[in-house]
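Participant: Got a structure for you, start-v6.txt, holding compact mmCIF, C-alpha atoms.
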```
# COMPACT_ATOMS: atom_id res chain seq x y z
CA MET A 21 -50.74 -40.44 -15.88
CA GLY A 22 -47.45 -41.45 -14.22
CA ILE A 23 -46.39 -40.20 -10.81
CA PHE A 24 -43.98 -37.62 -12.29
CA ASP A 25 -46.77 -36.22 -14.45
CA ILE A 26 -49.07 -36.06 -11.43
CA PHE A 27 -46.50 -34.15 -9.40
CA LYS A 28 -45.66 -31.88 -12.33
CA PHE A 29 -49.33 -31.13 -13.03
CA GLY A 30 -50.13 -30.62 -9.35
CA LEU A 31 -47.19 -28.30 -8.77
CA LYS A 32 -47.56 -26.47 -12.08
CA LYS A 33 -48.82 -23.15 -10.72
CA SER A 34 -46.38 -23.09 -7.82
CA ALA A 35 -43.47 -24.14 -10.05
CA THR A 36 -44.33 -21.60 -12.73
CA ASN A 37 -44.43 -18.75 -10.22
CA PHE A 38 -41.10 -19.88 -8.79
CA THR A 39 -39.20 -20.34 -12.05
CA GLU A 40 -40.60 -17.18 -13.63
CA GLY A 41 -39.51 -15.20 -10.57
CA LEU A 42 -35.98 -16.57 -10.87
CA ARG A 43 -35.90 -15.90 -14.60
CA GLU A 44 -36.65 -12.22 -14.02
CA ILE A 45 -33.67 -12.00 -11.67
CA ILE A 46 -31.13 -14.06 -13.56
CA ILE A 47 -31.75 -13.62 -17.28
CA LYS A 48 -28.93 -11.77 -19.08
CA LYS A 49 -27.07 -11.14 -15.82
CA GLU A 50 -23.90 -12.50 -14.36
CA ILE A 51 -24.10 -14.03 -10.91
CA ASP A 52 -22.58 -11.17 -8.92
CA ASP A 53 -23.22 -10.16 -5.31
CA GLN A 54 -26.26 -8.09 -6.27
CA THR A 55 -27.79 -11.01 -8.15
CA LEU A 56 -27.05 -13.33 -5.22
CA ASN A 57 -28.81 -10.90 -2.90
CA GLU A 58 -31.83 -10.80 -5.20
CA ILE A 59 -31.94 -14.60 -5.45
CA GLU A 60 -31.75 -14.97 -1.66
CA GLU A 61 -34.49 -12.38 -1.15
CA PHE A 62 -36.68 -14.08 -3.75
CA LEU A 63 -36.23 -17.48 -2.09
CA ILE A 64 -37.24 -16.06 1.28
CA LYS A 65 -40.33 -14.42 -0.27
CA SER A 66 -41.16 -17.79 -1.82
CA ASP A 67 -41.39 -19.32 1.68
CA VAL A 68 -38.22 -21.37 1.22
CA GLY A 69 -37.04 -20.02 4.58
CA LEU A 70 -34.01 -18.08 5.71
CA GLU A 71 -31.81 -21.10 6.44
CA ALA A 72 -32.37 -22.79 3.09
CA ALA A 73 -32.07 -19.48 1.23
CA GLU A 74 -28.69 -18.85 2.86
CA ASP A 75 -27.57 -22.38 1.99
CA ILE A 76 -28.55 -21.99 -1.65
CA ARG A 77 -26.92 -18.58 -1.94
CA GLY A 78 -23.69 -20.04 -0.58
CA ILE A 79 -23.75 -22.96 -3.01
CA ILE A 80 -24.38 -20.70 -6.02
CA SER A 81 -21.61 -18.36 -4.87
CA GLN A 82 -19.09 -21.17 -4.52
CA LYS A 83 -20.08 -22.74 -7.83
CA LYS A 84 -18.58 -19.82 -9.80
CA ILE A 85 -20.91 -20.34 -12.74
CA ASP A 86 -19.46 -19.50 -16.15
CA PRO A 87 -21.44 -16.46 -17.45
CA LYS A 88 -21.31 -17.97 -20.95
CA LYS A 89 -23.51 -20.82 -19.78
CA ASN A 90 -27.29 -20.81 -19.40
CA LEU A 91 -27.33 -19.10 -16.00
CA LEU A 92 -30.97 -19.90 -15.24
CA GLY A 93 -30.41 -23.54 -16.16
CA GLU A 94 -27.34 -23.73 -13.94
CA VAL A 95 -29.15 -22.17 -10.98
CA ASN A 96 -32.14 -24.48 -11.52
CA ASN A 97 -29.82 -27.50 -11.46
CA ILE A 98 -28.29 -26.30 -8.19
CA LEU A 99 -31.76 -25.84 -6.70
CA LYS A 100 -32.94 -29.28 -7.81
CA GLN A 101 -29.86 -30.94 -6.36
CA TYR A 102 -30.19 -29.02 -3.09
CA ILE A 103 -33.87 -29.91 -2.68
CA PHE A 104 -33.25 -33.56 -3.53
CA GLU A 105 -30.34 -33.95 -1.09
CA LEU A 106 -32.31 -32.17 1.64
CA MET A 107 -35.48 -34.21 1.20
CA ARG A 108 -34.22 -37.64 0.15
CA PRO A 109 -33.59 -38.70 3.80
CA LEU A 110 -37.14 -37.59 4.65
CA GLU A 111 -38.91 -40.06 2.38
CA LYS A 112 -40.99 -42.58 4.29
CA LYS A 113 -42.44 -44.80 1.60
CA ASP A 114 -42.37 -47.87 3.85
CA PHE A 115 -45.18 -46.30 5.89
CA PHE A 116 -47.54 -47.63 3.22
CA ASP A 117 -46.14 -51.17 3.11
CA LYS A 118 -48.13 -54.14 4.26
CA THR A 119 -47.60 -54.92 7.94
CA GLU A 120 -48.68 -57.74 10.20
CA ASN A 121 -48.26 -55.79 13.44
CA MET A 122 -51.01 -53.40 14.43
CA LYS A 123 -50.17 -49.71 14.12
CA THR A 124 -52.09 -46.98 15.90
CA ILE A 125 -51.91 -43.77 13.89
CA ILE A 126 -53.06 -40.42 15.24
CA VAL A 127 -53.78 -37.77 12.60
CA SER A 128 -53.76 -34.15 13.72
CA GLY A 129 -53.81 -30.62 12.35
CA VAL A 130 -55.57 -27.28 12.66
CA ASN A 131 -59.01 -26.56 11.23
CA GLY A 132 -59.38 -26.59 7.48
CA VAL A 133 -56.23 -28.44 6.40
CA GLY A 134 -58.12 -31.41 4.94
CA LYS A 135 -57.33 -33.79 7.76
CA THR A 136 -60.36 -36.07 7.56
CA THR A 137 -60.11 -36.31 3.78
CA THR A 138 -56.41 -37.13 4.15
CA ILE A 139 -57.28 -40.01 6.49
CA GLY A 140 -59.64 -41.41 3.87
CA LYS A 141 -56.97 -41.18 1.17
CA LEU A 142 -54.27 -42.67 3.40
CA GLY A 143 -56.62 -45.50 4.25
CA LYS A 144 -57.23 -46.19 0.58
CA ILE A 145 -53.50 -46.45 -0.22
CA LEU A 146 -52.83 -48.63 2.82
CA LYS A 147 -55.73 -50.92 1.97
CA SER A 148 -54.57 -51.24 -1.64
CA ASN A 149 -51.31 -52.66 -0.27
CA GLY A 150 -53.17 -55.45 1.53
CA ASN A 151 -53.59 -53.87 4.96
CA LYS A 152 -56.70 -54.21 7.12
CA ILE A 153 -57.83 -50.71 8.08
CA LEU A 154 -60.04 -49.34 10.86
CA PHE A 155 -61.09 -45.70 11.18
CA SER A 156 -61.70 -43.96 14.51
CA ALA A 157 -63.99 -40.90 14.31
CA SER A 158 -62.48 -39.14 17.32
CA ASP A 159 -63.29 -35.66 16.06
CA THR A 160 -66.52 -35.60 18.04
CA PHE A 161 -66.74 -31.82 18.19
CA ARG A 162 -68.29 -31.67 14.73
CA ALA A 163 -71.04 -33.97 13.49
CA ALA A 164 -69.87 -33.14 9.96
CA ALA A 165 -66.45 -34.66 10.67
CA ILE A 166 -68.01 -37.91 11.88
CA ASP A 167 -70.24 -38.05 8.81
CA GLN A 168 -67.33 -37.26 6.50
CA LEU A 169 -65.16 -40.06 7.86
CA ASP A 170 -68.16 -42.39 7.81
CA ASN A 171 -68.63 -41.61 4.12
CA TRP A 172 -64.97 -42.37 3.46
CA SER A 173 -65.27 -45.68 5.31
CA LYS A 174 -68.15 -46.66 3.02
CA LYS A 175 -66.39 -45.41 -0.10
CA ILE A 176 -63.24 -47.48 0.44
CA GLU A 177 -65.02 -50.26 2.35
CA VAL A 178 -63.28 -50.18 5.71
CA LYS A 179 -64.84 -50.33 9.17
CA ILE A 180 -65.28 -47.30 11.38
CA VAL A 181 -65.70 -46.85 15.14
CA LYS A 182 -67.78 -43.77 15.89
CA SER A 183 -70.08 -42.20 18.46
CA SER A 184 -72.41 -39.22 18.62
CA GLN A 185 -71.33 -35.60 18.50
CA GLY A 186 -70.06 -34.43 21.88
CA SER A 187 -68.87 -37.86 22.99
CA ASP A 188 -65.49 -38.20 24.69
CA PRO A 189 -62.93 -38.32 21.83
CA ALA A 190 -60.49 -40.41 23.88
CA SER A 191 -63.22 -42.98 24.59
CA VAL A 192 -63.86 -43.42 20.87
CA ALA A 193 -60.13 -43.83 20.22
CA TYR A 194 -59.83 -46.40 23.02
CA LYS A 195 -62.68 -48.49 21.62
CA ALA A 196 -61.18 -48.35 18.14
CA VAL A 197 -57.71 -49.47 19.24
CA GLU A 198 -59.26 -52.21 21.38
CA GLU A 199 -61.30 -53.47 18.44
CA ALA A 200 -58.30 -53.29 16.12
CA LYS A 201 -56.21 -55.37 18.49
CA ASN A 202 -58.95 -57.96 19.07
CA ASN A 203 -59.75 -58.37 15.38
CA ASN A 204 -56.30 -58.35 13.81
CA TYR A 205 -56.44 -54.98 12.11
CA SER A 206 -53.09 -53.76 10.81
CA HIS A 207 -53.85 -50.04 11.08
CA VAL A 208 -56.23 -47.90 13.10
CA LEU A 209 -56.34 -44.30 11.87
CA ILE A 210 -57.60 -41.89 14.51
CA ASP A 211 -59.16 -38.61 13.40
CA THR A 212 -58.79 -35.77 15.89
CA ALA A 213 -60.61 -32.46 16.17
CA GLY A 214 -59.16 -29.68 14.07
CA ARG A 215 -57.78 -27.48 16.76
CA LEU A 216 -55.81 -24.31 17.08
CA GLN A 217 -52.50 -25.09 18.71
CA ASN A 218 -52.94 -22.19 21.16
CA LYS A 219 -56.12 -23.66 22.68
CA LYS A 220 -54.79 -25.38 25.80
CA ASN A 221 -57.94 -27.38 26.61
CA LEU A 222 -58.13 -28.82 23.10
CA MET A 223 -54.47 -29.71 23.09
CA GLU A 224 -54.94 -31.48 26.43
CA GLU A 225 -57.75 -33.50 24.85
CA TYR A 226 -55.39 -34.35 22.00
CA LYS A 227 -52.80 -35.58 24.50
CA LYS A 228 -55.46 -37.64 26.28
CA ILE A 229 -56.24 -39.53 23.05
CA SER A 230 -52.60 -40.54 22.84
CA ASN A 231 -52.48 -41.59 26.48
CA VAL A 232 -55.57 -43.84 26.39
CA THR A 233 -54.24 -45.81 23.41
CA LYS A 234 -51.21 -46.75 25.55
CA LYS A 235 -53.52 -48.63 27.90
CA ILE A 236 -54.01 -51.20 25.14
CA ASP A 237 -50.55 -51.02 23.59
CA GLU A 238 -47.79 -49.32 25.55
CA LYS A 239 -45.93 -48.53 22.30
CA SER A 240 -48.94 -46.65 20.94
CA PRO A 241 -49.28 -44.35 19.11
CA HIS A 242 -46.94 -45.86 16.56
CA GLU A 243 -47.31 -42.92 14.22
CA VAL A 244 -48.39 -39.31 14.74
CA ILE A 245 -49.13 -37.55 11.48
CA LEU A 246 -49.52 -33.80 11.16
CA VAL A 247 -51.51 -32.56 8.17
CA LEU A 248 -50.46 -29.14 6.86
CA ASP A 249 -52.06 -26.77 4.36
CA ALA A 250 -49.54 -25.36 1.86
CA THR A 251 -51.56 -22.14 1.57
CA SER A 252 -50.85 -21.34 5.23
CA GLY A 253 -47.32 -20.14 4.47
CA GLN A 254 -45.07 -19.40 7.41
CA ASN A 255 -47.85 -20.20 9.92
CA ILE A 256 -46.94 -23.82 9.25
CA ILE A 257 -43.71 -23.37 11.19
CA THR A 258 -45.60 -22.55 14.39
CA GLN A 259 -48.03 -25.42 13.84
CA VAL A 260 -45.22 -27.96 13.54
CA GLU A 261 -43.46 -26.58 16.62
CA GLU A 262 -46.56 -26.66 18.81
CA PHE A 263 -47.92 -30.04 17.77
CA ASN A 264 -44.46 -31.61 17.98
CA ARG A 265 -44.17 -30.30 21.52
CA ILE A 266 -47.38 -32.06 22.63
CA ILE A 267 -46.77 -35.44 20.95
CA PRO A 268 -43.64 -36.03 18.82
CA ILE A 269 -44.58 -36.02 15.13
CA THR A 270 -43.43 -38.99 13.06
CA GLY A 271 -44.68 -37.88 9.65
CA LEU A 272 -46.07 -34.95 7.67
CA VAL A 273 -48.69 -34.71 4.94
CA MET A 274 -49.00 -31.44 3.03
CA THR A 275 -52.25 -30.67 1.23
CA LYS A 276 -53.41 -28.06 -1.30
CA LEU A 277 -50.19 -27.96 -3.30
CA ASP A 278 -52.19 -27.89 -6.53
CA GLY A 279 -53.07 -24.21 -6.32
CA THR A 280 -50.97 -21.07 -6.33
CA ALA A 281 -49.51 -21.95 -2.93
CA LYS A 282 -45.85 -21.25 -2.44
CA GLY A 283 -44.65 -24.84 -2.35
CA GLY A 284 -41.34 -23.55 -1.03
CA ILE A 285 -42.71 -23.91 2.51
CA LEU A 286 -42.11 -27.65 2.24
CA ILE A 287 -38.42 -26.88 1.70
CA ALA A 288 -38.41 -24.59 4.73
CA ILE A 289 -39.91 -27.14 7.11
CA SER A 290 -37.67 -29.88 5.72
CA LYS A 291 -34.62 -27.78 6.54
CA LYS A 292 -35.85 -26.69 9.97
CA PHE A 293 -37.42 -29.87 11.34
CA LYS A 294 -36.14 -32.78 9.20
CA LEU A 295 -39.40 -34.66 9.81
CA PRO A 296 -40.43 -37.50 7.48
CA ILE A 297 -42.80 -36.53 4.65
CA LEU A 298 -45.39 -39.20 3.89
CA ALA A 299 -47.45 -37.74 1.08
CA LEU A 300 -48.55 -34.61 -0.75
CA GLY A 301 -52.11 -33.62 -1.61
CA MET A 302 -52.32 -32.59 -5.26
CA GLY A 303 -56.06 -32.01 -5.52
CA GLU A 304 -59.54 -32.88 -4.33
CA LYS A 305 -59.98 -36.20 -6.13
CA GLU A 306 -59.88 -39.53 -4.34
CA ASP A 307 -56.51 -40.50 -5.85
CA ASP A 308 -54.84 -37.09 -5.59
CA LEU A 309 -52.79 -37.94 -2.49
CA GLN A 310 -49.35 -39.00 -3.71
CA ILE A 311 -46.63 -40.80 -1.77
CA PHE A 312 -43.73 -38.40 -1.37
CA ASP A 313 -40.71 -38.85 -3.62
CA ALA A 314 -37.86 -36.34 -3.23
CA LYS A 315 -36.50 -36.65 -6.78
CA ILE A 316 -39.90 -36.23 -8.38
CA PHE A 317 -40.75 -33.30 -6.10
CA SER A 318 -37.47 -31.48 -6.80
CA ASP A 319 -37.75 -31.98 -10.56
CA SER A 320 -41.41 -30.97 -10.61
CA PHE A 321 -40.99 -27.94 -8.36
CA ILE A 322 -38.14 -26.55 -10.44
CA GLY A 323 -40.03 -27.33 -13.62
CA ALA A 324 -37.98 -30.14 -15.17
CA ASN A 325 -39.17 -31.40 -18.54
```
Written as structure tokens, how would this file's structure read?
Facilitator:
Amino acid sequence: MGIFDIFKFGLKKSATNFTEGLREIIIKKEIDDQTLNEIEEFLIKSDVGLEAAEDIRGIISQKKIDPKKNLLGEVNNILKQYIFELMRPLEKKDFFDKTENMKTIIVSGVNGVGKTTTIGKLGKILKSNGNKILFSASDTFRAAAIDQLDNWSKKIEVKIVKSSQGSDPASVAYKAVEEAKNNNYSHVLIDTAGRLQNKKNLMEEYKKISNVTKKIDEKSPHEVILVLDATSGQNIITQVEEFNRIIPITGLVMTKLDGTAKGGILIAISKKFKLPILALGMGEKEDDLQIFDAKIFSDSFIGAN
């Protein structure tokens, strides 16, 4: 299965809901003000966000689509082009390239987004490109998280630095970065406790992890990845704002796009934050994390054949 097919299959439910909703609005109608209002309202309900919905409405209005044409097809083409132009600058495929210089990568996110699994999948892709990977099990609040990352380290055959439940998360991260530097690792991926962004003490612990890595490499962390769950809807906006305030985010990964989630939220956060998008989670399997490609996403989301 090629990457387009993977995206198309993964986004099938979300894309079907989106295109069917538009079809109900547009079919056998001219694009008048009432139709434009309905399209804008539908886009907002689909989690595309107010700013993007207003943009798209304006583009459709200015296009002056010939009513003799396939109106749904014309609107779909406008949407695909808008999404592609919005997201193309946010691709960050070089994140996965082979590198000789060590990169410290902190991976964060609230509980339940699939953060530890995402680290395992990121590690697999990076390793397949010839990188030497080290995991840091710095989510020491849950024994299950340590065990889960340990299982991933065995599955993809990379080393892990870990400690017992309740250990100082920053201490584990420090040891991992130190080992990575001393043994020529190219990437150290640091798992962090799934935390609610409104828990001040946990966010302070998160900040401490970042600070201790600077003691070994003043440019660390080189990457700060925020993992988001597509089923969270508009709550994602607050998560990005709060995590970005603590440590500037350098890349996003969105998981659980293979269900009935409104994938439009990815459009909303792209418009609002313009943060790089590394990859999308299309399922639970080991190879279901796909490197983000704006053209393939836009075509798949709008249901291109």
Participant: So which one's closest to Ala165 (chain A), A:Asn96, A:Asn131, A:Asn264, A:Thr55? Using all atoms listed in the file, please.
Facilitator: A:Asn131
Participant: CA of Gln185 (chain A) to CA of Thr160 (chain A): how many Å, to one decimal?
Facilitator: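 Computed distance, CA of Gln185 (chain A) to CA of Thr160 (chain A), equals 4.8 Å.
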Participant: Calculated over all atoms listed in the file, which of the candidates A:Val130, A:Leu99, A:Leu110, A:Val68 has the smallest distance to Leu295 (chain A)?
Facilitator: A:Leu110
Participant: What is the CA of Asn57 (chain A) to CA of Glu105 (chain A) distance in Å?
Facilitator: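 Separating CA of Asn57 (chain A) from CA of Glu105 (chain A) is a distance of 23.2 Å.
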Participant: Looking at all atoms listed in the file, which of A:Glu50, A:Leu246, A:Leu92, A:Glu120 is the one that sits closest to Ile297 (chain A)?
Facilitator: A:Leu246
Participant: Quick one: of A:Asp159, A:Asp86, A:Glu243, A:Asp67, who's nearest to Phe115 (chain A), counting all atoms listed in the file?
Facilitator: A:Glu243
Participant: Between A:Lys305, A:Lys175, A:Lys88, A:Lys32, which residue has the minimum interatomic distance to Lys49 (chain A), considering all atoms listed in the file?
Facilitator: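 Under the stated criterion, the closest residue is A:Lys88.
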Participant: Taking (-37.8, -30.4, 4.6) in the coordinates of the supplied file, I want to know which residues reach to within 10 Å of it, counting all atoms listed in the file; could you give the answer as a JSON list (two decimals) with C-alpha atoms, in the coordinates of the input?
Facilitator:
```
[["chain", "number", "residue", "atom", "x", "y", "z"],
["A", 68, "VAL", "CA", -38.22, -21.37, 1.22],
["A", 72, "ALA", "CA", -32.37, -22.79, 3.09],
["A", 103, "ILE", "CA", -33.87, -29.91, -2.68],
["A", 104, "PHE", "CA", -33.25, -33.56, -3.53],
["A", 106, "LEU", "CA", -32.31, -32.17, 1.64],
["A", 107, "MET", "CA", -35.48, -34.21, 1.20],
["A", 108, "ARG", "CA", -34.22, -37.64, 0.15],
["A", 109, "PRO", "CA", -33.59, -38.70, 3.80],
["A", 110, "LEU", "CA", -37.14, -37.59, 4.65],
["A", 111, "GLU", "CA", -38.91, -40.06, 2.38],
["A", 272, "LEU", "CA", -46.07, -34.95, 7.67],
["A", 284, "GLY", "CA", -41.34, -23.55, -1.03],
["A", 285, "ILE", "CA", -42.71, -23.91, 2.51],
["A", 286, "LEU", "CA", -42.11, -27.65, 2.24],
["A", 287, "ILE", "CA", -38.42, -26.88, 1.70],
["A", 288, "ALA", "CA", -38.41, -24.59, 4.73],
["A", 289, "ILE", "CA", -39.91, -27.14, 7.11],
["A", 290, "SER", "CA", -37.67, -29.88, 5.72],
["A", 291, "LYS", "CA", -34.62, -27.78, 6.54],
["A", 292, "LYS", "CA", -35.85, -26.69, 9.97],
["A", 293, "PHE", "CA", -37.42, -29.87, 11.34],
["A", 294, "LYS", "CA", -36.14, -32.78, 9.20],
["A", 295, "LEU", "CA", -39.40, -34.66, 9.81],
["A", 296, "PRO", "CA", -40.43, -37.50, 7.48],
["A", 297, "ILE", "CA", -42.80, -36.53, 4.65],
["A", 314, "ALA", "CA", -37.86, -36.34, -3.23]]
```
Participant: May I ask for the distance between CA of His242 (chain A) and CA of Thr124 (chain A), given in Å to one decimal place?
Facilitator: 5.3 Å
Participant: For each of A:Gln82, A:Thr138, A:Thr36, A:Gln101, take the minimum atom-to-atom distance to Asp319 (chain A), counting all atoms listed in the file, then give the residue where this is smallest.
Facilitator: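 Between A:Gln82, A:Thr138, A:Thr36, A:Gln101, the residue approaching Asp319 (chain A) most closely is A:Gln101.
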Participant: With 12 Å as the threshold, what does the neighbourhood of (-64.0, -47.3, 4.2) contain in terms of residues, counting all atoms listed in the file? Coordinates are those of the file; answer as a PyMOL selection string.
Facilitator: chain A and resi 137+139-148+152-157+168-181+208-209
Participant: Would you mind listing what lies within 12 Å of Lys195 (chain A) as a list in words, with only C-alpha atoms counted and same-chain residues fewer than 4 positions away left out?
Facilitator: Leu154, Phe155, Ser156, Ala157, Ser158, Ile180, Val181, Lys182, Ser183, Asp188, Pro189, Ala190, Ser191, Glu199, Ala200, Lys201, Asn202, Val208, Ile210, Ile229, Val232, Thr233, Lys235 and Ile236 of chain A
Participant: Could you give me the axis-aligned bounding box of region 133-143 of chain A, with 8 Å of padding per side, as centre plus edge lengths in Å to one decimal, as AutoDock Vina command-line options?
Facilitator:
```
--center_x -57.3 --center_y -37.0 --center_z 4.5 --size_x 22.1 --size_y 33.1 --size_z 22.6
```
Participant: So that I can see what lies close to Ile322 (chain A), please list as a VMD selection string the residues with an atom at most 12 Å from it, counting all atoms listed in the file and leaving out residues fewer than 3 positions away in the same chain.
Facilitator: chain A and resid 27 to 28 31 to 43 92 to 104 283 to 284 315 to 319 325
